[in-house]
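Text of final_29.txt (compact mmCIF, N, CA and C atoms) as supplied:
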```
# COMPACT_ATOMS: atom_id res chain seq x y z
N MET T 106 12.60 59.06 8.82
CA MET T 106 12.26 58.52 7.54
C MET T 106 13.11 57.34 7.14
N GLY T 107 14.31 57.34 7.62
CA GLY T 107 15.22 56.27 7.26
C GLY T 107 14.69 54.92 7.67
N ASN T 108 14.02 54.86 8.83
CA ASN T 108 13.48 53.59 9.30
C ASN T 108 12.37 53.08 8.39
N LYS T 109 11.56 54.00 7.88
CA LYS T 109 10.47 53.61 7.01
C LYS T 109 11.00 53.02 5.71
N ILE T 110 12.03 53.60 5.13
CA ILE T 110 12.62 53.11 3.89
C ILE T 110 13.28 51.76 4.14
N ASP T 111 13.99 51.61 5.25
CA ASP T 111 14.64 50.35 5.57
C ASP T 111 13.60 49.23 5.76
N GLY T 112 12.46 49.54 6.40
CA GLY T 112 11.39 48.55 6.60
C GLY T 112 10.78 48.13 5.28
N THR T 113 10.59 49.05 4.35
CA THR T 113 10.04 48.72 3.04
C THR T 113 10.99 47.84 2.27
N ARG T 114 12.28 48.18 2.35
CA ARG T 114 13.28 47.36 1.66
C ARG T 114 13.32 45.94 2.24
N ALA T 115 13.21 45.83 3.55
CA ALA T 115 13.24 44.52 4.20
C ALA T 115 12.04 43.67 3.77
N ARG T 116 10.84 44.30 3.72
CA ARG T 116 9.64 43.58 3.29
C ARG T 116 9.77 43.16 1.83
N GLY T 117 10.31 44.02 1.00
CA GLY T 117 10.50 43.70 -0.42
C GLY T 117 11.48 42.56 -0.60
N THR T 118 12.56 42.60 0.17
CA THR T 118 13.55 41.53 0.09
C THR T 118 12.94 40.21 0.57
N ARG T 119 12.15 40.27 1.63
CA ARG T 119 11.49 39.09 2.14
C ARG T 119 10.52 38.50 1.10
N ARG T 120 9.74 39.36 0.44
CA ARG T 120 8.80 38.90 -0.59
C ARG T 120 9.53 38.23 -1.73
N ILE T 121 10.61 38.82 -2.17
CA ILE T 121 11.39 38.23 -3.27
C ILE T 121 11.96 36.88 -2.84
N PHE T 122 12.47 36.83 -1.62
CA PHE T 122 13.05 35.59 -1.11
C PHE T 122 11.97 34.49 -1.02
N LEU T 123 10.80 34.81 -0.45
CA LEU T 123 9.72 33.83 -0.32
C LEU T 123 9.19 33.40 -1.69
N SER T 124 9.04 34.35 -2.59
CA SER T 124 8.56 34.01 -3.94
C SER T 124 9.55 33.08 -4.64
N THR T 125 10.83 33.39 -4.53
CA THR T 125 11.85 32.57 -5.16
C THR T 125 11.88 31.18 -4.53
N THR T 126 11.76 31.12 -3.23
CA THR T 126 11.76 29.84 -2.52
C THR T 126 10.55 29.00 -2.93
N LEU T 127 9.37 29.60 -2.95
CA LEU T 127 8.18 28.86 -3.34
C LEU T 127 8.26 28.39 -4.79
N LEU T 128 8.77 29.23 -5.67
CA LEU T 128 8.92 28.84 -7.07
C LEU T 128 9.91 27.68 -7.19
N SER T 129 11.01 27.74 -6.45
CA SER T 129 12.00 26.66 -6.48
C SER T 129 11.42 25.36 -5.96
N LEU T 130 10.66 25.43 -4.87
CA LEU T 130 10.03 24.24 -4.32
C LEU T 130 9.01 23.64 -5.31
N THR T 131 8.24 24.50 -5.95
CA THR T 131 7.27 24.02 -6.93
C THR T 131 7.96 23.32 -8.08
N VAL T 132 9.03 23.90 -8.60
CA VAL T 132 9.78 23.29 -9.70
C VAL T 132 10.38 21.97 -9.25
N ALA T 133 10.94 21.93 -8.04
CA ALA T 133 11.56 20.71 -7.54
C ALA T 133 10.52 19.60 -7.35
N MET T 134 9.35 19.92 -6.78
CA MET T 134 8.30 18.91 -6.57
C MET T 134 7.74 18.41 -7.89
N THR T 135 7.60 19.30 -8.86
CA THR T 135 7.11 18.89 -10.17
C THR T 135 8.11 17.94 -10.83
N ALA T 136 9.38 18.27 -10.75
CA ALA T 136 10.41 17.42 -11.35
C ALA T 136 10.44 16.06 -10.65
N PHE T 137 10.30 16.06 -9.33
CA PHE T 137 10.29 14.82 -8.57
C PHE T 137 9.09 13.95 -8.96
N ALA T 138 7.92 14.58 -9.06
CA ALA T 138 6.70 13.84 -9.40
C ALA T 138 6.78 13.27 -10.81
N MET T 139 7.33 14.02 -11.73
CA MET T 139 7.41 13.56 -13.11
C MET T 139 8.49 12.49 -13.29
N SER T 140 9.45 12.45 -12.39
CA SER T 140 10.51 11.46 -12.52
C SER T 140 10.07 10.08 -12.05
N GLY T 141 8.92 10.01 -11.40
CA GLY T 141 8.44 8.72 -10.90
C GLY T 141 9.11 8.36 -9.60
N SER T 142 9.61 9.32 -8.90
CA SER T 142 10.28 9.17 -7.61
C SER T 142 11.36 8.09 -7.65
N GLY T 143 12.09 8.05 -8.72
CA GLY T 143 13.24 7.17 -8.81
C GLY T 143 12.92 5.75 -9.24
N ARG T 144 11.64 5.42 -9.41
CA ARG T 144 11.28 4.07 -9.81
C ARG T 144 11.23 3.97 -11.33
N SER T 145 11.39 2.76 -11.80
CA SER T 145 11.30 2.55 -13.24
C SER T 145 9.84 2.58 -13.67
N ALA T 146 9.61 2.80 -14.92
CA ALA T 146 8.25 2.86 -15.44
C ALA T 146 7.58 1.49 -15.34
N THR T 147 6.27 1.50 -15.29
CA THR T 147 5.52 0.26 -15.22
C THR T 147 5.67 -0.50 -16.53
N ARG T 148 5.95 -1.77 -16.40
CA ARG T 148 6.05 -2.62 -17.59
C ARG T 148 4.77 -3.43 -17.69
N TYR T 149 4.19 -3.44 -18.85
CA TYR T 149 3.00 -4.23 -19.08
C TYR T 149 3.41 -5.54 -19.75
N VAL T 150 2.97 -6.62 -19.15
CA VAL T 150 3.32 -7.95 -19.62
C VAL T 150 2.05 -8.61 -20.16
N PRO T 151 2.14 -9.28 -21.30
CA PRO T 151 0.94 -9.96 -21.81
C PRO T 151 0.41 -10.95 -20.78
N LEU T 152 -0.91 -11.03 -20.67
CA LEU T 152 -1.56 -11.89 -19.71
C LEU T 152 -1.64 -13.31 -20.25
N ASP T 153 -1.23 -14.25 -19.43
CA ASP T 153 -1.31 -15.66 -19.80
C ASP T 153 -2.74 -16.14 -19.53
N PRO T 154 -3.47 -16.58 -20.55
CA PRO T 154 -4.86 -17.01 -20.34
C PRO T 154 -5.00 -18.12 -19.31
N GLY T 155 -3.97 -18.93 -19.13
CA GLY T 155 -4.03 -20.01 -18.15
C GLY T 155 -4.13 -19.52 -16.72
N THR T 156 -3.78 -18.26 -16.47
CA THR T 156 -3.82 -17.73 -15.11
C THR T 156 -5.19 -17.20 -14.73
N VAL T 157 -6.09 -17.11 -15.67
CA VAL T 157 -7.42 -16.56 -15.39
C VAL T 157 -8.52 -17.56 -15.73
N GLU T 158 -8.33 -18.78 -15.28
CA GLU T 158 -9.32 -19.80 -15.61
C GLU T 158 -10.53 -19.78 -14.68
N ALA T 159 -10.43 -19.12 -13.53
CA ALA T 159 -11.53 -19.15 -12.58
C ALA T 159 -12.03 -17.75 -12.28
N VAL T 160 -12.64 -17.10 -13.25
CA VAL T 160 -13.17 -15.76 -13.04
C VAL T 160 -14.70 -15.76 -13.08
N GLU T 161 -15.31 -16.88 -12.76
CA GLU T 161 -16.76 -16.97 -12.82
C GLU T 161 -17.42 -15.99 -11.86
N PHE T 162 -16.76 -15.66 -10.76
CA PHE T 162 -17.37 -14.73 -9.81
C PHE T 162 -17.50 -13.34 -10.40
N VAL T 163 -16.73 -13.04 -11.44
CA VAL T 163 -16.81 -11.74 -12.09
C VAL T 163 -17.94 -11.73 -13.11
N ALA T 164 -18.05 -12.78 -13.88
CA ALA T 164 -19.05 -12.82 -14.95
C ALA T 164 -19.70 -14.19 -14.97
N MET T 165 -20.81 -14.31 -14.29
CA MET T 165 -21.53 -15.58 -14.26
C MET T 165 -22.26 -15.76 -15.58
N THR T 166 -21.94 -16.81 -16.27
CA THR T 166 -22.62 -17.10 -17.52
C THR T 166 -23.17 -18.51 -17.48
N SER T 167 -24.06 -18.79 -18.38
CA SER T 167 -24.62 -20.13 -18.48
C SER T 167 -23.54 -21.14 -18.85
N ALA T 168 -22.55 -20.70 -19.63
CA ALA T 168 -21.46 -21.61 -20.02
C ALA T 168 -20.67 -22.06 -18.81
N ASN T 169 -20.43 -21.16 -17.85
CA ASN T 169 -19.70 -21.52 -16.63
C ASN T 169 -20.46 -22.59 -15.84
N LEU T 170 -21.76 -22.41 -15.79
CA LEU T 170 -22.58 -23.40 -15.10
C LEU T 170 -22.48 -24.75 -15.81
N GLY T 171 -22.50 -24.72 -17.14
CA GLY T 171 -22.39 -25.96 -17.91
C GLY T 171 -21.09 -26.69 -17.64
N ILE T 172 -20.00 -25.96 -17.54
CA ILE T 172 -18.70 -26.57 -17.25
C ILE T 172 -18.73 -27.25 -15.89
N SER T 173 -19.26 -26.55 -14.89
CA SER T 173 -19.32 -27.11 -13.55
C SER T 173 -20.22 -28.33 -13.49
N LEU T 174 -21.34 -28.27 -14.20
CA LEU T 174 -22.24 -29.43 -14.21
C LEU T 174 -21.61 -30.63 -14.89
N ARG T 175 -20.86 -30.39 -15.96
CA ARG T 175 -20.18 -31.52 -16.62
C ARG T 175 -19.19 -32.16 -15.68
N LYS T 176 -18.44 -31.36 -14.92
CA LYS T 176 -17.48 -31.93 -13.97
C LYS T 176 -18.20 -32.76 -12.92
N SER T 177 -19.29 -32.20 -12.41
CA SER T 177 -20.04 -32.92 -11.38
C SER T 177 -20.66 -34.19 -11.94
N CYS T 178 -21.21 -34.10 -13.14
CA CYS T 178 -21.83 -35.29 -13.76
C CYS T 178 -20.79 -36.34 -14.14
N ASN T 179 -19.61 -35.90 -14.50
CA ASN T 179 -18.54 -36.87 -14.78
C ASN T 179 -18.21 -37.67 -13.53
N ALA T 180 -18.29 -37.02 -12.37
CA ALA T 180 -17.98 -37.70 -11.12
C ALA T 180 -19.12 -38.59 -10.65
N THR T 181 -20.37 -38.21 -10.97
CA THR T 181 -21.51 -38.94 -10.42
C THR T 181 -22.29 -39.74 -11.44
N GLY T 182 -22.10 -39.46 -12.72
CA GLY T 182 -22.80 -40.22 -13.74
C GLY T 182 -24.09 -39.60 -14.23
N CYS T 183 -24.38 -38.36 -13.85
CA CYS T 183 -25.61 -37.73 -14.34
C CYS T 183 -25.39 -37.19 -15.76
N ASP T 184 -26.44 -36.71 -16.39
CA ASP T 184 -26.38 -36.22 -17.76
C ASP T 184 -26.39 -34.69 -17.76
N ALA T 185 -25.22 -34.07 -17.89
CA ALA T 185 -25.11 -32.61 -17.85
C ALA T 185 -25.84 -31.96 -19.01
N GLY T 186 -25.88 -32.64 -20.16
CA GLY T 186 -26.57 -32.08 -21.32
C GLY T 186 -28.05 -31.89 -21.09
N THR T 187 -28.65 -32.71 -20.26
CA THR T 187 -30.06 -32.57 -19.91
C THR T 187 -30.24 -31.67 -18.70
N LEU T 188 -29.35 -31.82 -17.75
CA LEU T 188 -29.45 -31.09 -16.49
C LEU T 188 -29.25 -29.59 -16.66
N HIS T 189 -28.29 -29.19 -17.48
CA HIS T 189 -27.97 -27.77 -17.65
C HIS T 189 -29.17 -26.97 -18.17
N PRO T 190 -29.82 -27.37 -19.27
CA PRO T 190 -30.97 -26.60 -19.74
C PRO T 190 -32.13 -26.60 -18.74
N MET T 191 -32.29 -27.70 -18.01
CA MET T 191 -33.35 -27.75 -17.01
C MET T 191 -33.12 -26.72 -15.91
N ILE T 192 -31.89 -26.61 -15.46
CA ILE T 192 -31.59 -25.67 -14.37
C ILE T 192 -31.75 -24.23 -14.85
N THR T 193 -31.22 -23.91 -16.01
CA THR T 193 -31.31 -22.52 -16.50
C THR T 193 -32.76 -22.16 -16.80
N ALA T 194 -33.54 -23.07 -17.37
CA ALA T 194 -34.95 -22.77 -17.67
C ALA T 194 -35.75 -22.62 -16.39
N SER T 195 -35.49 -23.48 -15.41
CA SER T 195 -36.26 -23.39 -14.17
C SER T 195 -35.90 -22.12 -13.40
N ALA T 196 -34.64 -21.68 -13.46
CA ALA T 196 -34.25 -20.44 -12.78
C ALA T 196 -35.00 -19.25 -13.36
N ALA T 197 -35.17 -19.23 -14.67
CA ALA T 197 -35.88 -18.13 -15.32
C ALA T 197 -37.36 -18.11 -14.93
N ALA T 198 -37.91 -19.30 -14.62
CA ALA T 198 -39.34 -19.39 -14.30
C ALA T 198 -39.63 -19.26 -12.81
N MET T 199 -38.60 -19.26 -11.97
CA MET T 199 -38.80 -19.23 -10.52
C MET T 199 -39.19 -17.84 -10.04
N SER T 200 -40.00 -17.82 -8.97
CA SER T 200 -40.33 -16.54 -8.33
C SER T 200 -39.14 -16.10 -7.48
N ALA T 201 -39.17 -14.86 -7.03
CA ALA T 201 -38.07 -14.35 -6.19
C ALA T 201 -37.93 -15.19 -4.92
N GLU T 202 -39.05 -15.59 -4.34
CA GLU T 202 -39.00 -16.41 -3.13
C GLU T 202 -38.41 -17.78 -3.42
N GLU T 203 -38.77 -18.36 -4.55
CA GLU T 203 -38.22 -19.66 -4.93
C GLU T 203 -36.72 -19.56 -5.20
N LEU T 204 -36.29 -18.46 -5.79
CA LEU T 204 -34.85 -18.27 -6.02
C LEU T 204 -34.10 -18.17 -4.69
N ARG T 205 -34.66 -17.44 -3.74
CA ARG T 205 -34.02 -17.34 -2.41
C ARG T 205 -33.93 -18.72 -1.75
N ALA T 206 -35.00 -19.48 -1.85
CA ALA T 206 -35.00 -20.83 -1.28
C ALA T 206 -33.99 -21.72 -2.01
N GLY T 207 -33.88 -21.55 -3.32
CA GLY T 207 -32.90 -22.30 -4.10
C GLY T 207 -31.48 -21.97 -3.69
N ILE T 208 -31.23 -20.70 -3.43
CA ILE T 208 -29.89 -20.28 -2.97
C ILE T 208 -29.58 -20.95 -1.63
N GLU T 209 -30.55 -20.94 -0.72
CA GLU T 209 -30.34 -21.59 0.58
C GLU T 209 -30.06 -23.08 0.41
N GLY T 210 -30.77 -23.72 -0.50
CA GLY T 210 -30.55 -25.14 -0.76
C GLY T 210 -29.15 -25.41 -1.30
N GLN T 211 -28.69 -24.56 -2.17
CA GLN T 211 -27.34 -24.73 -2.72
C GLN T 211 -26.29 -24.50 -1.63
N LEU T 212 -26.55 -23.57 -0.72
CA LEU T 212 -25.62 -23.35 0.40
C LEU T 212 -25.54 -24.57 1.31
N LEU T 213 -26.67 -25.25 1.49
CA LEU T 213 -26.65 -26.50 2.27
C LEU T 213 -25.81 -27.56 1.57
N ILE T 214 -25.94 -27.64 0.24
CA ILE T 214 -25.12 -28.59 -0.52
C ILE T 214 -23.64 -28.26 -0.35
N LEU T 215 -23.32 -26.97 -0.36
CA LEU T 215 -21.92 -26.56 -0.17
C LEU T 215 -21.41 -26.99 1.20
N GLU T 216 -22.24 -26.86 2.24
CA GLU T 216 -21.84 -27.29 3.58
C GLU T 216 -21.62 -28.80 3.62
N GLU T 217 -22.54 -29.55 3.02
CA GLU T 217 -22.40 -31.01 2.99
C GLU T 217 -21.16 -31.43 2.20
N SER T 218 -20.91 -30.74 1.10
CA SER T 218 -19.72 -31.05 0.30
C SER T 218 -18.45 -30.77 1.07
N ALA T 219 -18.45 -29.69 1.83
CA ALA T 219 -17.27 -29.36 2.65
C ALA T 219 -17.04 -30.45 3.69
N ALA T 220 -18.11 -30.93 4.32
CA ALA T 220 -17.97 -32.02 5.30
C ALA T 220 -17.46 -33.29 4.63
N MET T 221 -17.95 -33.56 3.41
CA MET T 221 -17.48 -34.75 2.68
C MET T 221 -16.00 -34.61 2.32
N GLN T 222 -15.58 -33.41 1.94
CA GLN T 222 -14.17 -33.18 1.60
C GLN T 222 -13.29 -33.38 2.83
N ASP T 223 -13.76 -32.89 3.98
CA ASP T 223 -12.99 -33.05 5.21
C ASP T 223 -12.85 -34.52 5.60
N ALA T 224 -13.88 -35.32 5.33
CA ALA T 224 -13.87 -36.73 5.72
C ALA T 224 -13.11 -37.61 4.74
N ALA T 225 -12.94 -37.16 3.51
CA ALA T 225 -12.33 -38.01 2.47
C ALA T 225 -10.84 -37.71 2.32
N ALA T 226 -10.12 -38.70 1.84
CA ALA T 226 -8.69 -38.50 1.53
C ALA T 226 -8.58 -37.59 0.31
N PRO T 227 -7.60 -36.67 0.30
CA PRO T 227 -7.50 -35.68 -0.77
C PRO T 227 -7.42 -36.25 -2.19
N ALA T 228 -6.89 -37.41 -2.40
CA ALA T 228 -6.75 -37.95 -3.75
C ALA T 228 -7.85 -38.95 -4.10
N SER T 229 -8.84 -39.10 -3.23
CA SER T 229 -9.87 -40.13 -3.45
C SER T 229 -10.97 -39.66 -4.39
N ASP T 230 -11.73 -40.63 -4.89
CA ASP T 230 -12.89 -40.32 -5.74
C ASP T 230 -13.95 -39.55 -4.95
N ALA T 231 -14.11 -39.91 -3.69
CA ALA T 231 -15.10 -39.23 -2.84
C ALA T 231 -14.76 -37.74 -2.70
N TYR T 232 -13.48 -37.46 -2.55
CA TYR T 232 -13.04 -36.07 -2.43
C TYR T 232 -13.32 -35.31 -3.72
N ARG T 233 -12.93 -35.90 -4.86
CA ARG T 233 -13.14 -35.24 -6.16
C ARG T 233 -14.63 -35.03 -6.43
N THR T 234 -15.45 -36.00 -6.04
CA THR T 234 -16.90 -35.87 -6.21
C THR T 234 -17.43 -34.73 -5.36
N ALA T 235 -16.98 -34.64 -4.12
CA ALA T 235 -17.42 -33.56 -3.24
C ALA T 235 -17.01 -32.20 -3.78
N VAL T 236 -15.81 -32.11 -4.31
CA VAL T 236 -15.35 -30.84 -4.90
C VAL T 236 -16.20 -30.48 -6.11
N ALA T 237 -16.49 -31.45 -6.95
CA ALA T 237 -17.32 -31.21 -8.14
C ALA T 237 -18.74 -30.77 -7.75
N HIS T 238 -19.29 -31.42 -6.72
CA HIS T 238 -20.63 -31.04 -6.25
C HIS T 238 -20.62 -29.62 -5.70
N ALA T 239 -19.57 -29.29 -4.95
CA ALA T 239 -19.47 -27.94 -4.39
C ALA T 239 -19.38 -26.89 -5.49
N GLU T 240 -18.59 -27.18 -6.50
CA GLU T 240 -18.44 -26.24 -7.61
C GLU T 240 -19.77 -26.04 -8.34
N ALA T 241 -20.47 -27.13 -8.61
CA ALA T 241 -21.77 -27.04 -9.28
C ALA T 241 -22.78 -26.28 -8.42
N ALA T 242 -22.80 -26.57 -7.12
CA ALA T 242 -23.73 -25.88 -6.22
C ALA T 242 -23.44 -24.38 -6.17
N ALA T 243 -22.16 -24.03 -6.14
CA ALA T 243 -21.79 -22.61 -6.13
C ALA T 243 -22.24 -21.92 -7.41
N ARG T 244 -22.09 -22.59 -8.55
CA ARG T 244 -22.49 -21.99 -9.83
C ARG T 244 -24.01 -21.86 -9.93
N ILE T 245 -24.72 -22.87 -9.43
CA ILE T 245 -26.19 -22.79 -9.45
C ILE T 245 -26.65 -21.65 -8.55
N ALA T 246 -26.04 -21.52 -7.37
CA ALA T 246 -26.38 -20.40 -6.48
C ALA T 246 -26.07 -19.07 -7.16
N ASP T 247 -24.95 -18.99 -7.87
CA ASP T 247 -24.62 -17.77 -8.61
C ASP T 247 -25.67 -17.47 -9.67
N LEU T 248 -26.13 -18.50 -10.37
CA LEU T 248 -27.17 -18.32 -11.38
C LEU T 248 -28.45 -17.79 -10.73
N TYR T 249 -28.83 -18.36 -9.60
CA TYR T 249 -30.03 -17.90 -8.89
C TYR T 249 -29.87 -16.45 -8.42
N ARG T 250 -28.68 -16.11 -7.91
CA ARG T 250 -28.44 -14.72 -7.47
C ARG T 250 -28.53 -13.76 -8.66
N ALA T 251 -27.93 -14.15 -9.77
CA ALA T 251 -27.96 -13.29 -10.97
C ALA T 251 -29.40 -13.10 -11.44
N GLU T 252 -30.17 -14.17 -11.43
CA GLU T 252 -31.57 -14.10 -11.83
C GLU T 252 -32.35 -13.21 -10.88
N LEU T 253 -32.06 -13.32 -9.59
CA LEU T 253 -32.74 -12.51 -8.58
C LEU T 253 -32.41 -11.03 -8.76
N ARG T 254 -31.16 -10.72 -9.11
CA ARG T 254 -30.77 -9.32 -9.32
C ARG T 254 -31.46 -8.71 -10.54
N LEU T 255 -31.79 -9.52 -11.51
CA LEU T 255 -32.45 -9.01 -12.72
C LEU T 255 -33.88 -8.56 -12.45
N ARG T 256 -34.42 -8.98 -11.34
CA ARG T 256 -35.84 -8.66 -11.06
C ARG T 256 -35.99 -7.41 -10.25
```
Could you render the structure from this file as structure tokens?
Amino acid sequence: MGNKIDGTRARGTRRIFLSTTLLSLTVAMTAFAMSGSGRSATRYVPLDPGTVEAVEFVAMTSANLGISLRKSCNATGCDAGTLHPMITASAAAMSAEELRAGIEGQLLILEESAAMQDAAAPASDAYRTAVAHAEAAARIADLYRAELRLR
């Protein structure tokens, strides 16, 4: 009988030891997790509006297209005030197939603008014009994509 009592005591001691160990580990891991693992808390800094001037890819609006068209027209001499409403109105009236074709056309303009940028000196008027054309083409393509998604 002595062996049976000794075995029960050993199992009881083992259970107490394991329970205490698991409880200690749980408390230690919780304390570690709550402490932020030694790092300081996150500091939130006010956002400088000047750092987020090019977020058109997030929210394509007609105003963004207008800005790009004005830049392009300033470089080439076109009338952005007339061109902008024409583009937005025609996009709304285009069929899905016409919008897809329009996107392809704008992508071709982007390729041509990239070739013009590569050929021109970085500070030249030709370079600035190519950049403005590329920006306008990208915005028009974005407008066509947005219109296509609405359908």
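Ranking T:Cys183, T:Leu170, T:Ala228, T:Ala206 by their shortest atom-to-atom distance to Ala243 of chain T, with all atoms listed in the file included, puts T:Leu170 first.
For the atom pair formed by atom CA of Gly182 of chain T and atom CA of Val236 of chain T, the distance is 14.9 Å, given to one decimal.
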Using all atoms listed in the file and a cutoff of 6 Å, can you tell me which residues are near (-34.9, -17.7, -10.4) in the file's coordinates, and write them out as number ranges by chain? T: 195-200, 203-204, 249, 252-253
Might you pull out every residue within 7 Å of Arg175 of chain T, with only N, CA and C atoms counted and same-chain residues fewer than 5 positions away left off, and present them as JSON, numbers by chain? {"T": [170, 180, 185, 186]}
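When atom CA of Gly171 of chain T is paired with atom CA of Arg254 of chain T, their separation reads 20.5 Å.
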Please provide as a PDB file with N, CA and C atoms, in the frame of the given file all residues within 9 Å of Asp184 of chain T, with the sequence filter that same-chain residues fewer than 5 positions apart are discarded (counting only C-alpha atoms).
```
ATOM      1  N   LEU T 174     -21.340 -28.270 -14.200  1.00  0.00           N
ATOM      2  CA  LEU T 174     -22.240 -29.430 -14.210  1.00  0.00           C
ATOM      3  C   LEU T 174     -21.610 -30.630 -14.890  1.00  0.00           C
ATOM      4  N   ARG T 175     -20.860 -30.390 -15.960  1.00  0.00           N
ATOM      5  CA  ARG T 175     -20.180 -31.520 -16.620  1.00  0.00           C
ATOM      6  C   ARG T 175     -19.190 -32.160 -15.680  1.00  0.00           C
ATOM      7  N   CYS T 178     -21.210 -34.100 -13.140  1.00  0.00           N
ATOM      8  CA  CYS T 178     -21.830 -35.290 -13.760  1.00  0.00           C
ATOM      9  C   CYS T 178     -20.790 -36.340 -14.140  1.00  0.00           C
ATOM     10  N   ASN T 179     -19.610 -35.900 -14.500  1.00  0.00           N
ATOM     11  CA  ASN T 179     -18.540 -36.870 -14.780  1.00  0.00           C
ATOM     12  C   ASN T 179     -18.210 -37.670 -13.530  1.00  0.00           C
ATOM     13  N   HIS T 189     -28.290 -29.190 -17.480  1.00  0.00           N
ATOM     14  CA  HIS T 189     -27.970 -27.770 -17.650  1.00  0.00           C
ATOM     15  C   HIS T 189     -29.170 -26.970 -18.170  1.00  0.00           C
TER      16      HIS T 189
END
```
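Distance-wise, atom C of Thr187 of chain T and atom N of Arg256 of chain T end up 24.2 Å apart.
Ranking T:Ala239, T:Leu255, T:Ala194, T:Ala246 by their shortest atom-to-atom distance to Ala220 of chain T, with only C-alpha atoms included, puts T:Ala239 first.
Of the residues under consideration (T:Asn169, T:Met191, T:Ser177, T:Ala225), T:Ser177 shows the shortest atom-to-atom contact distance to Ala237 of chain T when counting only N, CA and C atoms.
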